[in-house]
Amino acid sequence: MNGMQIVIKASGLQTLWLGIAAVLGGSAAAAAHGNFAVLPMCLCLVFAIFMQSTNNIIHTYYDIKYGFISSQRLAGMQSSGQEYPIPYILQLLKDGIYTYVVFTCTIGLALFIYGEWWFIIIGGILVAVELLNFIGKRPLIRSVLFPAITFLLFGPIGVISTELVEIGNYQNISNLLWWDFYPGVIIGFVIGIMALNCHLIIGFTFSHGKSDRWAEVVERPRTRTIATLIIIATTFTYTAIALALPHLIEVEERGLFLPIPVLSFAISIFQAILISKPGKERIAWRLSLFNIILVSLSALIIFLTISQ
């Protein structure tokens, strides 16, 4: 494994679907009022991918630096027959962070065309969260507040930001009313809760990559029971919100929305069952990614259909 492969592996390609789901959800919210725009959506997709990749590389960098990474995961970053020293890997990751930050900022500047002045605020929030999330020996990612950060970033913040960028393609954002934000808020809550479930499941799926202490905690039956109950509770919550969506935004074609929340509910309950059984975590993880993309993409297709 060469230097570039180490950086790409650290970028966590398997988690990028969460950012993609937030953008699709935001595009669905924009389409609800007939403001869907392809080019702004594509820019948001690229921005989300690079932003989340940067996030993951920073995460890996500080995991290695402060010893929060298991020897098994560290060995997976080495090439066969060749062992790189830790300082060398850290330097590779640091260079990768700089590169990804440049790409992310470049795309962010392009979004200013649509996002106007408010995008500076969103950019500032994202930078602040990145700094608090990972920097230092007691980062936010290891605190009880991290689930809330996951919910906000991949839910309301990601969805509403995308919605505003696409609306900015057609009208002045300063003239918007609360009604224009309503679809983004509702869809943001749904996607945010689903992203929260995804992150909970990934903690079990890739527990071998964390510290030995975390792997020990994950293997406790009580931990799995609590995680199962959380997934079930959050599933009922986001399903209820999704079912109420067409009523809350007064859509006439309400029958189109019914199958997706019901199917998503069934998938999430199955995920909860799988996470309670050791050895089934990876299946649950893949299902959680499929589920969040299913909901966000279906919402986009439905709103595009009824807005024509």
# chains A, B, ... in the order shown; residues from 1 in each chain; ligands from 1
>>> select_by_dssp(residues="region 85-298 of chain A", states="alpha helix (DSSP H)", output="PyMOL selection string")
chain A and resi 86-115+118-134+146-152+158-167+178-205+212-218+221-248+259-275+281-298
>>> closest_residue(among="A:Gly34, A:Pro156, A:Pro147, A:Gly3", to="Cys198 (chain A)", atoms="only C-alpha atoms")
A:Pro147
>>> closest_residue(among="A:Gly279, A:Leu43, A:Ile231, A:Glu250", to="Ile267 (chain A)", atoms="only C-alpha atoms")
A:Ile231
>>> closest_residue(among="A:Thr223, A:Asn169, A:Asn197, A:Thr234", to="Trp285 (chain A)", atoms="only C-alpha atoms")
A:Asn197
>>> atom_distance(atom1="CA of Ala299 (chain A)", atom2="CA of Val159 (chain A)")
12.3 Å
>>> residues_around(residues="Ala30 (chain A)", least_positions_apart="6", cutoff="7 Å", atoms="only C-alpha atoms", output="short mmCIF file (atom, residue, chain, number, x, y, z; two decimals) with N, CA and C atoms, in the first residue's frame")
data_model
loop_
_atom_site.label_atom_id
_atom_site.label_comp_id
_atom_site.auth_asym_id
_atom_site.auth_seq_id
_atom_site.Cartn_x
_atom_site.Cartn_y
_atom_site.Cartn_z
N PHE A 36 -35.68 22.75 -7.70
CA PHE A 36 -34.59 21.81 -7.94
C PHE A 36 -33.69 22.31 -9.07
N GLU A 163 -30.73 22.75 0.24
CA GLU A 163 -31.98 23.35 -0.21
C GLU A 163 -31.79 24.83 -0.54
N GLU A 166 -29.83 25.46 -3.84
CA GLU A 166 -30.64 25.24 -5.05
C GLU A 166 -31.71 26.32 -5.21
N ILE A 167 -32.28 26.76 -4.10
CA ILE A 167 -33.25 27.87 -4.18
C ILE A 167 -32.56 29.14 -4.69
#
>>> residues_around(residues="Leu289 (chain A)", least_positions_apart="5", cutoff="12 Å", atoms="only C-alpha atoms", output="CSV table (one decimal) with N, CA and C atoms, in the first residue's frame")
chain,number,residue,atom,x,y,z
A,14,GLN,N,-16.5,4.2,2.5
A,14,GLN,CA,-17.7,3.5,2.8
A,14,GLN,C,-18.7,4.3,3.6
A,15,THR,N,-18.3,5.5,4.2
A,15,THR,CA,-19.2,6.3,5.0
A,15,THR,C,-19.7,7.5,4.2
A,16,LEU,N,-19.2,7.7,3.0
A,16,LEU,CA,-19.6,8.9,2.2
A,16,LEU,C,-21.0,9.0,1.8
A,17,TRP,N,-21.7,7.9,1.9
A,17,TRP,CA,-23.1,7.8,1.5
A,17,TRP,C,-24.0,8.7,2.5
A,18,LEU,N,-23.5,9.0,3.7
A,18,LEU,CA,-24.3,9.8,4.6
A,18,LEU,C,-24.3,11.2,4.1
A,19,GLY,N,-23.2,11.8,3.6
A,19,GLY,CA,-23.2,13.1,3.1
A,19,GLY,C,-24.0,13.2,1.8
A,20,ILE,N,-23.9,12.1,1.0
A,20,ILE,CA,-24.7,12.1,-0.3
A,20,ILE,C,-26.2,12.1,0.0
A,21,ALA,N,-26.6,11.4,1.1
A,21,ALA,CA,-28.0,11.3,1.4
A,21,ALA,C,-28.5,12.7,1.9
A,191,ILE,N,-33.5,12.5,7.8
A,191,ILE,CA,-32.2,12.0,7.4
A,191,ILE,C,-31.2,12.1,8.6
A,194,MET,N,-31.7,9.0,10.8
A,194,MET,CA,-31.2,7.8,10.1
A,194,MET,C,-29.7,7.8,10.1
A,195,ALA,N,-29.1,9.0,9.9
A,195,ALA,CA,-27.6,9.1,10.0
A,195,ALA,C,-27.1,8.7,11.4
A,196,LEU,N,-27.8,9.1,12.4
A,196,LEU,CA,-27.5,8.7,13.8
A,196,LEU,C,-27.5,7.2,13.9
A,197,ASN,N,-28.5,6.6,13.4
A,197,ASN,CA,-28.5,5.1,13.4
A,197,ASN,C,-27.3,4.5,12.7
A,198,CYS,N,-27.0,5.1,11.5
A,198,CYS,CA,-25.9,4.6,10.8
A,198,CYS,C,-24.6,4.6,11.6
A,199,HIS,N,-24.4,5.7,12.3
A,199,HIS,CA,-23.2,5.9,13.1
A,199,HIS,C,-23.1,5.0,14.3
A,201,ILE,N,-24.5,2.0,14.3
A,201,ILE,CA,-24.2,0.6,13.7
A,201,ILE,C,-22.7,0.5,13.3
A,202,ILE,N,-22.1,1.6,12.8
A,202,ILE,CA,-20.7,1.6,12.3
A,202,ILE,C,-19.8,1.3,13.5
A,264,SER,N,-38.9,1.5,4.7
A,264,SER,CA,-37.7,1.9,5.5
A,264,SER,C,-37.9,1.5,6.9
A,267,ILE,N,-36.9,-2.2,7.1
A,267,ILE,CA,-35.5,-2.4,7.0
A,267,ILE,C,-34.8,-2.0,8.3
A,268,SER,N,-35.2,-0.9,8.9
A,268,SER,CA,-34.6,-0.5,10.2
A,268,SER,C,-34.8,-1.4,11.3
A,271,GLN,N,-32.5,-4.2,10.8
A,271,GLN,CA,-31.1,-3.7,11.2
A,271,GLN,C,-31.0,-3.9,12.7
A,282,ARG,N,-21.9,-6.2,9.9
A,282,ARG,CA,-21.6,-5.6,8.6
A,282,ARG,C,-22.9,-5.6,7.6
A,283,ILE,N,-23.7,-6.6,7.8
A,283,ILE,CA,-25.0,-6.7,7.0
A,283,ILE,C,-25.9,-5.5,7.5
A,284,ALA,N,-25.9,-5.3,8.8
A,284,ALA,CA,-26.7,-4.2,9.3
A,284,ALA,C,-26.2,-2.8,8.8
A,294,LEU,N,-32.1,5.2,0.0
A,294,LEU,CA,-33.5,4.8,-0.5
A,294,LEU,C,-34.5,6.0,-0.1
A,295,VAL,N,-34.4,6.4,1.1
A,295,VAL,CA,-35.4,7.4,1.6
A,295,VAL,C,-35.1,8.7,0.9
A,296,SER,N,-33.8,9.2,0.9
A,296,SER,CA,-33.5,10.5,0.4
A,296,SER,C,-33.7,10.5,-1.1
>>> residues_around(residues="Leu109 (chain A)", least_positions_apart="3", cutoff="12 Å", atoms="only C-alpha atoms", output="count of residues only")
17
>>> closest_residue(among="A:Leu24, A:Val251, A:Ile89, A:Val127", to="Ile160 (chain A)", atoms="only C-alpha atoms")
A:Leu24
>>> closest_residue(among="A:Gln91, A:Ser53, A:Ser298, A:Gln171", to="His33 (chain A)", atoms="only C-alpha atoms")
A:Gln171
>>> atom_distance(atom1="CA of Phe290 (chain A)", atom2="CA of Tyr61 (chain A)")
28.1 Å
>>> atom_distance(atom1="CA of Ile6 (chain A)", atom2="CA of Glu281 (chain A)")
24.6 Å
>>> closest_residue(among="A:Phe270, A:Tyr170, A:Phe303, A:Tyr84", to="Ala29 (chain A)", atoms="only C-alpha atoms")
A:Phe303
